[in-house]
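Step one of this worksheet: look at the structure below.
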Amino acid sequence: MPSERKRNVVAFVSVQAVELLGYLALVQGIIMMILILIGREAPPLTIGNLLFMLLLSGSVVGVGVWSIFKLMRSDLFTGKANSKMTYVKAGLLGALGFGVILIVAYFMPDWGFEITVEWWVYLVIGTVLLTIVKIVRMKEHKLRSTDGAI
């Protein structure tokens with residue numbers, strides 16, 4: 001793959017990751033706000049668990065994407081491709097990765113120090129991240145339209 005296309009893929013994946021984090025922050029803020037409104041205390045963040053789960057999730061996603069692309073390359077670009085079986089294999093790979101993350105999250109004890117983040121901080125972070133994504137996409141669209149590309 002040419003280096004320019006690789007840069008485009010990295011930029012695309014980065015924008016998708018920032019957008020996902022923005023939505024997760026917004027949802028977390030809304031959930032915490034609802035908890036406070038109904039009289040419950042919002043749970044604190046345990047930094048050790050958070051960092052380990054981010055590292056594990058990133059690793060599982062990376063291995064999953066690599067595996068699915070390898071599966072697509074080996075199954076779909078051959079003459080005897082069975083697309084239904086390829087979809088089943090890809091779904092099983094995704095389910096396996098998700099299962100690994102869930103099992104580790106369920107059995108992992110809390111470790112590291114705890115911090116409490118107010119609900120509105122999550123909303124602000126989510127809004128800022130989604131605004132950044134919107135601006136980047138508008139600039140990409142403007143660049144594509146001036147280049148004549150679709």
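So you can find residues: chains in the structure tokens are A, B, ... in the order shown, residues in each start at 1, and ligands are numbered from 1 in order.
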Please provide the set of residues having any atom within 10 Å of Val61 of chain A, restricted to only C-alpha atoms, with same-chain residues fewer than 6 positions apart removed, written as a ChimeraX atom specification. /A:55,67,94,97-98
Can you write out the residues you just picked, keeping N, CA and C atoms, as a PDB file, in the first residue's frame?
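Writing the result to result_14.pdb gives the following:
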ATOM      1  N   LEU A  55      -5.668  -0.282  27.161  1.00  0.00           N
ATOM      2  CA  LEU A  55      -4.599  -1.009  26.485  1.00  0.00           C
ATOM      3  C   LEU A  55      -5.114  -2.339  25.934  1.00  0.00           C
ATOM      4  N   SER A  67      -6.895  -9.373  11.757  1.00  0.00           N
ATOM      5  CA  SER A  67      -7.407 -10.713  11.457  1.00  0.00           C
ATOM      6  C   SER A  67      -8.530 -10.671  10.423  1.00  0.00           C
ATOM      7  N   GLY A  94     -15.062 -11.295  16.085  1.00  0.00           N
ATOM      8  CA  GLY A  94     -15.516 -10.138  16.852  1.00  0.00           C
ATOM      9  C   GLY A  94     -16.094 -10.527  18.192  1.00  0.00           C
ATOM     10  N   GLY A  97     -13.238 -11.547  20.586  1.00  0.00           N
ATOM     11  CA  GLY A  97     -12.544 -10.372  21.124  1.00  0.00           C
ATOM     12  C   GLY A  97     -13.366  -9.656  22.174  1.00  0.00           C
ATOM     13  N   PHE A  98     -14.649  -9.482  21.904  1.00  0.00           N
ATOM     14  CA  PHE A  98     -15.539  -8.832  22.863  1.00  0.00           C
ATOM     15  C   PHE A  98     -15.646  -9.659  24.135  1.00  0.00           C
TER      16      PHE A  98
END
Excluding segment 30-45 of chain A and residues on its chain fewer than 2 positions from it, collect all residues at most 12 Å away from it, counting only C-alpha atoms, and give them as a VMD selection string. chain A and resid 23 to 28 47 to 51 110 to 124 126
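For the set A:Val9, A:Leu143, A:Leu54, A:Ala105, the residue with the smallest atom-to-atom gap to Leu21 of chain A is A:Leu54, counting only C-alpha atoms.
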Within 10 Å of Ile132 of chain A, counting only C-alpha atoms, which residues qualify if same-chain residues fewer than 5 places away don't, as a PyMOL selection string? chain A and resi 15+18-19+22+126-127+137-138
Please produce a file of the residues just selected, as a short mmCIF file (atom, residue, chain, number, x, y, z; two decimals), in the first residue's frame, where the atoms kept are N, CA and C atoms.
data_model
loop_
_atom_site.label_atom_id
_atom_site.label_comp_id
_atom_site.auth_asym_id
_atom_site.auth_seq_id
_atom_site.Cartn_x
_atom_site.Cartn_y
_atom_site.Cartn_z
N VAL A 15 -9.79 9.77 13.36
CA VAL A 15 -11.04 10.53 13.45
C VAL A 15 -12.15 9.65 14.01
N VAL A 18 -11.59 9.27 17.81
CA VAL A 18 -11.95 10.49 18.54
C VAL A 18 -13.46 10.64 18.59
N GLU A 19 -14.13 10.32 17.49
CA GLU A 19 -15.60 10.40 17.48
C GLU A 19 -16.20 9.41 18.48
N GLY A 22 -15.79 10.71 21.91
CA GLY A 22 -16.72 11.81 22.14
C GLY A 22 -18.11 11.30 22.51
N GLY A 126 -16.98 15.41 25.71
CA GLY A 126 -17.65 14.81 24.56
C GLY A 126 -18.01 15.84 23.51
N THR A 127 -18.52 16.98 23.95
CA THR A 127 -18.89 18.04 23.01
C THR A 127 -17.66 18.58 22.27
N ARG A 137 -13.91 16.89 9.51
CA ARG A 137 -14.68 16.36 8.38
C ARG A 137 -15.09 17.47 7.41
N MET A 138 -15.43 18.64 7.93
CA MET A 138 -15.77 19.76 7.04
C MET A 138 -14.56 20.16 6.21
#
